[in-house]
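The structure appears right after this line, and notes come after that.
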Amino acid sequence: EALACIGFMKGLHRLIDHRDAKLPGRFSAFEFELKDNVRGLWGTDPPKVIPDVVEALIGAVHIDLGFNEGQRAALHVIKPMTSTISRTTFASIDARFLHPKQHLFEMAGTLVSVKAYTEEVFLRLQNVFPHWKCNMGNNSNCTNSKCFGVVRCRDIVIAVARESSNRAAVNVACALAVEVLKANPQIIDRLREVIVAKK
């Protein structure tokens, strides 16, 4: 996501020669997600071709000009991220560059699990997790988003997010869980108690 954002901001997508009729629409959707910025960078679903081209360009510099120039090129590309991190403390790092899944596992460790489900599987799981029942099968808005990211501790659901891709759904669910745990740090202790009690 970070390389896609950097490549897109530099206009790299305009230089990619392709024959994929769907790609211009994916570029537009990604641009909208970046401008929307409600869910942060990790809630986006960038076209894979953008970070692939950024990585290929860095690799080409390594091969053509050698290791030192390649490293210089790589540092130049990731400078927006490293400069954000170096001028802020960990607690105030720009949220666009903090990966929510890593942040969640740093907070809760093995207490939580994260999984993505297709809409069909998620609707079937409502029988396993009855508190998820919300007549989503009858909701016409459901057809726009096909994936669900779920963060839970055993059968305790902490966060659920519905997005257009598995990766975005998981990332948004993790970001929601991080916000819940930051607002209520005592939840982590309660989850530990639940796990100990069920052993």
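Ordering of the structure tokens sets the chain letters (A, B, ...), residue numbers begin anew at 1 in every chain, and ligands are numbered from 1 in the order given.
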List as a list in words the protein and nucleic acid residues near Ser28 in chain A, meaning an atom at most 12 Å away when only C-alpha atoms are counted, but skip any in the same chain fewer than 4 places from it.
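Everything that qualifies: Phe8, His13, Arg14, Lys22, Leu23, Pro24, Phe32, Glu33, Leu34, Lys35, Asp45, Pro46 and Pro47 of chain A.
Taking CA of Ala161 in chain A and CA of His99 in chain A as the two end points, the separation is 15.8 Å.
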So which residues touch Asn166 in chain A within 12 Å, counting only C-alpha atoms, skipping near sequence neighbours fewer than 3 positions away, as a list in words?
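Everything that qualifies: Trp42, Gly43, Thr44, Asp45, Val114, Lys115, Ala116, Tyr117, Thr118, Glu119, Ser145, Lys146, Cys147, Phe148, Gly149, Val150, Ala161, Arg162, Glu163, Ala169, Val170, Asn171, Val172 and Ala173 of chain A.
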Quick one: of A:Asp189, A:Asp17, A:Asp52, A:Glu69, who's nearest to Ala108 in chain A, counting only C-alpha atoms?
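Nearest to Ala108 in chain A: A:Asp189.
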Of the candidates A:Arg167, A:Arg72, A:Arg124, A:Arg192, which one gets nearest to Glu1 in chain A if we count only C-alpha atoms?
A:Arg167
